[in-house]
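Reviewing the structure listed below.
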Amino acid sequence: MTTLWRSLACPLCQRIRLISHNVGYLAPFASRRHASSKSPENHAGQIDMSQFPVENIRNFSIIAHVDHGKSTLADRLLEITGTISQEASNKQVLDKLQVERERGITVKAQTASMVHQYQGKTYLLNLIDTPGHVDFNYEVSRSLAACQGVLLLVDANQGVQAQTVANFYLAFEAELAIIPVINKIDLKQADVESTEEQMRRLFDFKNEDLFKISAKLGINCEEILDAVIQRIPPPKSDPSKPWKALLFDSTYNHFRGAVTNVAVIDGKVQQGDKISSAHNSKVYEVQELGIMSPDYQSTQELHAGQVGYLIAGMKSIQEARIGDTLHLSSSPVEPLPGFKPAKPMVFGGIFPMEQSEYRDLKVAVDRLTLNDSSVTVAKDSSPALGLGFRLGFLGLLHMEVFNQRLEQEYNATAIVTTPSVPCKARLSSEKLIKQYKTDEITIFSPAEFPEKRDVTEYLEPIVMGTIITPDVHLNKIFSLCEAKRGEQVDFTYIDASRVLLKYKLPLNEIVVDFYDLLKSITSGYASFDYEDHSYEPSDLVKLDVLLNGQVINELSTIVHKDKAYPVGKTLASKLKDVIPRQLYEVVIQAALGNKVIARETIRAYKKNVLAKCYGGDISRKMKLLKRQAEGKKRMKKIGNVDIPKDAFISVLKR
Amino acid sequence: MFSSKENVLLLSIRLYRIRNFFISRRFSSQISERSQTSSGPAPCNITADDAVVYVHWPYCKKRCTYCNFNKYISASVDHARMRRCLVQETATLLQQSGVRRVNSVFFGGGTPSLALPHTMAVVLETISQHALLPADAEVTLEANPSSTETDKLREFKTAGINRLSLGIQAFSPPDLHLLGRDHSVEDSLRALQEGRTLFPGRVSIDLIFGRPGQTVEAWRGELQQALSVCDDHVSLYQLTLERGTALFRQVEKKQQTVPDPDTMADLYACARETLQNAGFQQYEVSNFARNGAESSHNLSYWRGKQYIGVGPGAHGRFACKGLGRTDREARIQTLEPQQWMGRVERLGHATAKRTSLSQLDILEEILMLGLRTTEGLANERWVRFSGGTSLHDIFGTSVAAQGFVNAGLLELSHSVLRATHTGLAVLDSIIPDLLLATQDWYRHRCDDGDKTGLHYTSGRAE
């Protein structure tokens with residue numbers, strides 16, 4: 001089947017090597033497995049990409065809910081096509097980040113080019129691995145824009161999940177060919193029938209369309225490759241037109257700058273070409289290009305319909321924006337539709353544990369954002385937490401993944417504050433309109449919240465949430481969604497006992513604990529996913545927290561009017577618990593403007609002195625008091641109130 | 001009672017004492033001359049020729065439920081060996097310290113009233129051999145009010161004890177039981193009576209408050225009872241739950257509950273008021289006296305005087321002048337009695353740890369200790385250790401200190417820094433900020449010293 005590739009197999013590992021081991025030149029990309037190999041046929045040919053005409057190319061993706069086996073299926077396909085050897089250690093080959101392997105999710109899209117023989121012809125199959133989570137919706141949609149079809153993978157144990165639905169519609173709306181695949185049929189608890197029923201009811205698949213496989217054991221996996229060739233059309237590409245490519249992902253390399261993942265729409269590109277992008281007028285020279293299989297393999301050129309990587313001396317990832325259209329500088333093209341800059345929807349402060357660690361944190365954040373252009377970074381400072389950053393993320397998972405990477409890859413521990421979401425205000429005050437030069441502003445922090453008399457209305461971001469759950473939990477879910485100001489939009493039984501719910505929910509209500517609560521009231525059986533929906537008018541208020549009359553800026557929040565009272569009360573009582581008694585009375589207030597809605601008092605110490613202090617007690621006593629003095633140094637003084645940093649952290653952190 | 005050998009020893013010690021009396025006369029006049037000449041902006045000369053001595057008797061008959069002191073319950077105490085070792089260590093440490101005068105002696109424990117009176121006698125004689133121990137020097141014995149010990153009080157007096165500190169702790173039978181005390185209220189009353197007869201005006205009682213379930217009402221009643229029988233000195237201790245004690249475990253297991261912090265404050269306030277109404281003056285956080293019965297020994301600690309600790313686990317603060325050193329050191333003697341005795345027999349003393357105190361260390365200590373007294377920290381004493389910088393120079397510019405002054409917790413004048421009546425009760429919340437102010441001053445002074453080429457490298461008292 002893969003004779004061509006076999007002939008090029010690496011003598012060291014018997015794995016397919018398409019190109020010479022250009023260790024020196026490719027050093028940053030040289031595969032770990034091959035870094036030491038010095039193969040004699042080094043300078044021989046790179047693969048000739050012109051041998052794959054458009055009609056012999058299939059670009060596809062696997063989309064699935066978390067843990068439904070996407071990466072395992074990718075591993076099998078790579079093995080079957082001989083792209084990687086059949087080693088037991090092939091686990092999530094495409095997931096290169098530690099966080100991806102740990103969480104079983106894909107964060108950065110990876111691509112693997114495979115060669116497959118079918119009915120006497122040699123096909124180039126490009127598997128474009130997409131981020132699995134809707135937080136990375138934009139990335140997913142850009143990755144899908146490089147595809148003509150998808151494998152929609154569903155775990156037979158769990159059935160259709162919320163993300164499956166979201167992914168299906170993404171693919172469906174992109175008019176891609178969809179091949180439904182039911183995975184994990186080998187497991188005891190697999191309920192293939194129910195899963196089939198769900199896929200029929202929800203997505204209108206026919207039974208004969210469905211593949212039933214076990215990616216883990218490799219059952220029926222080879223047939224999938226044939227189906228990819230049969231059912232997914234080749235890209236609509238024209239080799240004769242000027243070169244045009246979709247930039248669908250990029251990573252940052254310390255030595256080479258931005259490494260872009262591109263899908264060539266029309267024409268061809270080769271080393272030395274001068275290129276530009278539709279949204280960035282700079283001219284770059286192509287230094288290197290090639291395909292991933294799955295390691296970087298340089299080639300002479302990339303042709304219409306092909307998918308690969310391209311390095312053109314873009315110094316930062318901001319110059320290589322996802323969704324951008326690349327073209328030859330000499331012949332501009334019509335940009336591809338759908339480009340939009342990343343729009344962060346969840347914001348969180350991130351501060352070093354100790355101010356002395358600020359520089360290290362900055363370096364870590366800088367490095368990480370080099371690889372993730374969707375994170376926005378702004379400097380932030382807080383009297384309580386010192387210097388730090390305010391980061392904008394695409395969603396909650398994005399934020400968690402970012403923080404985990406910060407910790408794992410850069411060994412930086414940081415305090416992450418409770419996430420907040422940007423709301424908007426329609427201004428009525430002429431003065432403010434003049435000042436902002438617009439009558440609708442986006443508010444990112446409570447400090448920017450305009451007063452009620454200056455606005456016609458406030459708006460808050462609303463998401464469309466999809467919940468799939470066994471029906472026994474419905475009542476509890478209704479209560480939860482109601483408590484979170486949700487509005488039910490849809491209610492559908494997807495099989496005998498499982499229900500799909502759609503709710504319009506304020507993003508602000510789900511950023512903190514919605515998912516955790518949902519998991520706990522349904523014992524983990526419900527799945528949840530959401531997509532951005534709209535900004536809608538909302539009764540928003542700014543809630544301030546005061547200590548002895550002084551506003552603590554970092555504790556101010558924007559909340560819905562109905563939530564102000566419980567939130568204020570919770571904040572005040574939480575603070576009461578974490579601020580130790582001191583010499584002076586501490587009055588904690590939660591207030592809306594001048595109106596105090598919650599109040600707690602920490603009474604002053606009447607006595608705080610240890611009774612005994614003779615000769616033998618002095619050293620011990622001294623040590624204790626000195627330790628307290630050291631502790632005081634680390635406390636924040638607000639007025640005459642000493643607040644331990646821990647107290648702030650316990651209120652501010654997630 | 002004594003062996004003939006010991007009798008000979010005693011006799012020779014008495015002779016020494018007589019001789020020392022004459023020598024010391026001469027010394028004391030020298031000392032007073034010296035202190036007169038050393039006034040003014042003198043260098044940081046803080047060594048002294050005098051000290052107080054603390055002697056630790058580590059044994060108890062029974063373990064109290066709240067006590068985590070260095071004490072040992074032993075069926076067979078080798079009194080003779082302990083005596084030899086206490087004498088030996090007293091002699092060695094006095095020689096090392098080079099002090100010429102011992103102002104007071106305190107026998108603490110443990111339960112020193114379980115020791116033989118003879119032991120006290122020989123220790124006192126040893127002190128007299130090495131320094132002037134004025135005939136009227138305060139010599140205190142901590143005693144349990146149990147009957148057997150009360151019977152020995154007269155002998156203790158003969159041995160040289162002239163002040164008694166009785167561990168009464170409570171006048172409530174169930175509370176005595178709860179605290180694990182081995183005496184009854186009747187025992188206490190008898191001990192008090194006997195003590196007051198033998199040591200009129202020089203008997204102190206210890207009382208513990210904040211006991212499980214204690215109310216302000218009950219406490220007031222108990223204080224009234226105490227006042228009706230006590231002498232001129234009362235020490236009040238708030239019960240502190242120490243890890244490792246039986247009471248700590250009971251409270252942890254919720255078998256007992258101690259009063260909440262507000263009730264504790266009320267109990268303390270009640271005691272202060274009741275004692276004041278009875279003519280007692282509070283002179284330290286937990287000490288009250290009338291008719292001039294303050295303990296001069298304890299005042300020495302709080303005034304930052306040198307003290308020499310003898311016996312297992314005893315602490316000391318003194319300069320080894322006898323070894324040619326002028327820096328004040330913190331000392332701890334070996335904790336465990338058997339090991340302590342072994343080391344004393346081999347080395348003459350059983351110091352387990354000696355740490356040289358920096359100038360900042362000393363300033364921090366005298367600040368913390370001085371503020372515990374109602375007389376406060378005298379500027380005169382402070383400048384002797386600070387090298388001339390006054391209290392006002394340091395705390396007059398501290399925002400935190402000014403806050404305390406404005407809140408009525410602290411008084412600062414050119415002559416003294418003092419906690420007010422209210423401030424004394426919350427001292428542990430005040431001192432940390434004052435320590436920080438002291439540290440800031442010290443750091444800046446060192447920085448300035450660096451700039452001008454002056455180096456306070458050791459920061460050590462000279």
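Quick note on naming: the chains in the structure tokens go A, B, ... in the order shown, residues restart at 1 in each chain, and ligands are numbered from 1 in order of appearance.
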
Residues at most 12 Å from Val55 in chain B, counting only C-alpha atoms, excluding those fewer than 2 positions away in the same chain, as a count of residues only?
44

What are the residues of chain B lining chain A at 6 Å or less? Count only C-alpha atoms, and put the answer as a PDB file with all heavy atoms, in the first residue's frame.
ATOM      1  N   TYR B 237      -1.975  34.825  85.342  1.00  0.00           N
ATOM      2  CA  TYR B 237      -1.608  34.280  84.036  1.00  0.00           C
ATOM      3  C   TYR B 237      -2.825  33.801  83.297  1.00  0.00           C
ATOM      4  O   TYR B 237      -3.624  33.034  83.817  1.00  0.00           O
ATOM      5  CB  TYR B 237      -0.619  33.119  84.205  1.00  0.00           C
ATOM      6  CG  TYR B 237       0.609  33.546  84.955  1.00  0.00           C
ATOM      7  CD1 TYR B 237       0.972  32.941  86.147  1.00  0.00           C
ATOM      8  CD2 TYR B 237       1.392  34.600  84.471  1.00  0.00           C
ATOM      9  CE1 TYR B 237       2.097  33.357  86.837  1.00  0.00           C
ATOM     10  CE2 TYR B 237       2.516  35.021  85.160  1.00  0.00           C
ATOM     11  CZ  TYR B 237       2.859  34.402  86.342  1.00  0.00           C
ATOM     12  OH  TYR B 237       3.958  34.831  87.017  1.00  0.00           O
ATOM     13  N   GLN B 238      -2.930  34.243  82.055  1.00  0.00           N
ATOM     14  CA  GLN B 238      -3.999  33.691  81.219  1.00  0.00           C
ATOM     15  C   GLN B 238      -3.578  32.298  80.810  1.00  0.00           C
ATOM     16  O   GLN B 238      -2.444  32.070  80.399  1.00  0.00           O
ATOM     17  CB  GLN B 238      -4.219  34.556  79.976  1.00  0.00           C
ATOM     18  CG  GLN B 238      -5.324  34.000  79.089  1.00  0.00           C
ATOM     19  CD  GLN B 238      -5.496  34.812  77.818  1.00  0.00           C
ATOM     20  OE1 GLN B 238      -5.515  36.033  77.840  1.00  0.00           O
ATOM     21  NE2 GLN B 238      -5.621  34.130  76.704  1.00  0.00           N
ATOM     22  N   ALA B 265     -10.657  38.759  77.393  1.00  0.00           N
ATOM     23  CA  ALA B 265     -10.395  40.182  77.599  1.00  0.00           C
ATOM     24  C   ALA B 265     -11.169  40.681  78.808  1.00  0.00           C
ATOM     25  O   ALA B 265     -10.646  41.436  79.638  1.00  0.00           O
ATOM     26  CB  ALA B 265     -10.780  40.963  76.352  1.00  0.00           C
ATOM     27  N   SER B 286       1.331  41.006  83.750  1.00  0.00           N
ATOM     28  CA  SER B 286       0.645  40.043  84.601  1.00  0.00           C
ATOM     29  C   SER B 286       1.048  40.140  86.064  1.00  0.00           C
ATOM     30  O   SER B 286       0.833  39.204  86.813  1.00  0.00           O
ATOM     31  CB  SER B 286       0.871  38.622  84.076  1.00  0.00           C
ATOM     32  OG  SER B 286       2.167  38.495  83.569  1.00  0.00           O
ATOM     33  N   HIS B 315      17.776  29.691  80.897  1.00  0.00           N
ATOM     34  CA  HIS B 315      18.225  30.677  79.912  1.00  0.00           C
ATOM     35  C   HIS B 315      19.030  31.763  80.602  1.00  0.00           C
ATOM     36  O   HIS B 315      18.774  32.085  81.760  1.00  0.00           O
ATOM     37  CB  HIS B 315      17.019  31.340  79.245  1.00  0.00           C
ATOM     38  CG  HIS B 315      16.304  30.455  78.280  1.00  0.00           C
ATOM     39  ND1 HIS B 315      16.122  30.814  76.965  1.00  0.00           N
ATOM     40  CD2 HIS B 315      15.742  29.234  78.435  1.00  0.00           C
ATOM     41  CE1 HIS B 315      15.456  29.834  76.350  1.00  0.00           C
ATOM     42  NE2 HIS B 315      15.206  28.874  77.219  1.00  0.00           N
ATOM     43  N   ALA B 425      -2.949  45.861  77.230  1.00  0.00           N
ATOM     44  CA  ALA B 425      -3.724  44.643  76.992  1.00  0.00           C
ATOM     45  C   ALA B 425      -3.602  44.150  75.551  1.00  0.00           C
ATOM     46  O   ALA B 425      -3.953  43.023  75.242  1.00  0.00           O
ATOM     47  CB  ALA B 425      -5.193  44.882  77.330  1.00  0.00           C
ATOM     48  N   VAL B 426      -3.136  45.026  74.658  1.00  0.00           N
ATOM     49  CA  VAL B 426      -3.034  44.620  73.246  1.00  0.00           C
ATOM     50  C   VAL B 426      -1.597  44.766  72.754  1.00  0.00           C
ATOM     51  O   VAL B 426      -1.338  44.980  71.575  1.00  0.00           O
ATOM     52  CB  VAL B 426      -3.992  45.448  72.347  1.00  0.00           C
ATOM     53  CG1 VAL B 426      -5.432  45.055  72.594  1.00  0.00           C
ATOM     54  CG2 VAL B 426      -3.808  46.945  72.560  1.00  0.00           C
ATOM     55  N   LEU B 427      -0.681  44.596  73.677  1.00  0.00           N
ATOM     56  CA  LEU B 427       0.730  44.831  73.385  1.00  0.00           C
ATOM     57  C   LEU B 427       1.249  43.987  72.221  1.00  0.00           C
ATOM     58  O   LEU B 427       2.050  44.449  71.414  1.00  0.00           O
ATOM     59  CB  LEU B 427       1.533  44.516  74.654  1.00  0.00           C
ATOM     60  CG  LEU B 427       2.830  45.270  74.848  1.00  0.00           C
ATOM     61  CD1 LEU B 427       2.615  46.759  74.697  1.00  0.00           C
ATOM     62  CD2 LEU B 427       3.378  44.956  76.231  1.00  0.00           C
ATOM     63  N   ASP B 428       0.771  42.748  72.139  1.00  0.00           N
ATOM     64  CA  ASP B 428       1.295  41.878  71.089  1.00  0.00           C
ATOM     65  C   ASP B 428       0.906  42.351  69.689  1.00  0.00           C
ATOM     66  O   ASP B 428       1.484  41.915  68.698  1.00  0.00           O
ATOM     67  CB  ASP B 428       0.836  40.434  71.306  1.00  0.00           C
ATOM     68  CG  ASP B 428       1.604  39.785  72.458  1.00  0.00           C
ATOM     69  OD1 ASP B 428       2.437  40.492  73.063  1.00  0.00           O
ATOM     70  OD2 ASP B 428       1.369  38.601  72.745  1.00  0.00           O
ATOM     71  N   PRO B 432       4.942  44.342  67.140  1.00  0.00           N
ATOM     72  CA  PRO B 432       5.511  44.057  65.810  1.00  0.00           C
ATOM     73  C   PRO B 432       5.806  45.319  64.995  1.00  0.00           C
ATOM     74  O   PRO B 432       6.868  45.422  64.383  1.00  0.00           O
ATOM     75  CB  PRO B 432       4.438  43.193  65.154  1.00  0.00           C
ATOM     76  CG  PRO B 432       3.795  42.481  66.290  1.00  0.00           C
ATOM     77  CD  PRO B 432       3.769  43.499  67.410  1.00  0.00           C
TER      78      PRO B 432
END

Pick the closest to Ala269 in chain B from B:Gly210, B:Gly324, B:Gly304, B:Gly201: which is it, counting only C-alpha atoms?
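Of the candidates, the smallest distance to Ala269 in chain B is held by B:Gly210.
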
Return as a PyMOL selection string the full set of residues in range 117-268 of chain B whose backbone-based DSSP assignment is strand (DSSP E or B).
chain B and resi 132+138-143+163-169+203-209+233-238

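If you count only C-alpha atoms and ignore residues fewer than 6 places along the chain from Ala156 in chain A, what sits within 7 Å of it is Ile182, Asn183, Lys184, Ile185, Ala190, Asp191, Val192 and Thr195 of chain A.
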
For Tyr503 in chain A, find every residue with an atom within 6 Å (counting only C-alpha atoms), except residues of its own chain fewer than 2 positions away, and show them as a ChimeraX atom specification.
/A:464-465,486-489,505

Generate the output file for the selected residues, N, CA, C and O atoms, as a PDB file, in the first residue's frame.
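Writing done, so here's selection39.pdb:
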ATOM      1  N   MET A 464     -24.885  31.048  24.003  1.00  0.00           N
ATOM      2  CA  MET A 464     -25.853  29.986  23.809  1.00  0.00           C
ATOM      3  C   MET A 464     -25.206  28.726  24.359  1.00  0.00           C
ATOM      4  O   MET A 464     -24.181  28.270  23.856  1.00  0.00           O
ATOM      5  N   GLY A 465     -25.801  28.214  25.413  1.00  0.00           N
ATOM      6  CA  GLY A 465     -25.235  27.026  26.043  1.00  0.00           C
ATOM      7  C   GLY A 465     -25.991  25.781  25.615  1.00  0.00           C
ATOM      8  O   GLY A 465     -27.216  25.810  25.457  1.00  0.00           O
ATOM      9  N   GLY A 486     -30.587  32.046  33.325  1.00  0.00           N
ATOM     10  CA  GLY A 486     -30.659  31.439  31.997  1.00  0.00           C
ATOM     11  C   GLY A 486     -32.068  31.497  31.414  1.00  0.00           C
ATOM     12  O   GLY A 486     -33.056  31.609  32.141  1.00  0.00           O
ATOM     13  N   GLU A 487     -32.125  31.409  30.105  1.00  0.00           N
ATOM     14  CA  GLU A 487     -33.422  31.432  29.419  1.00  0.00           C
ATOM     15  C   GLU A 487     -33.454  30.233  28.483  1.00  0.00           C
ATOM     16  O   GLU A 487     -32.605  30.102  27.596  1.00  0.00           O
ATOM     17  N   GLN A 488     -34.429  29.347  28.728  1.00  0.00           N
ATOM     18  CA  GLN A 488     -34.452  28.126  27.935  1.00  0.00           C
ATOM     19  C   GLN A 488     -34.905  28.398  26.513  1.00  0.00           C
ATOM     20  O   GLN A 488     -35.880  29.106  26.279  1.00  0.00           O
ATOM     21  N   VAL A 489     -34.172  27.829  25.572  1.00  0.00           N
ATOM     22  CA  VAL A 489     -34.465  28.065  24.166  1.00  0.00           C
ATOM     23  C   VAL A 489     -34.907  26.775  23.487  1.00  0.00           C
ATOM     24  O   VAL A 489     -35.717  26.776  22.582  1.00  0.00           O
ATOM     25  N   LEU A 505     -27.511  32.091  28.264  1.00  0.00           N
ATOM     26  CA  LEU A 505     -26.983  32.353  29.598  1.00  0.00           C
ATOM     27  C   LEU A 505     -26.035  33.555  29.555  1.00  0.00           C
ATOM     28  O   LEU A 505     -25.246  33.682  28.618  1.00  0.00           O
TER      29      LEU A 505
END
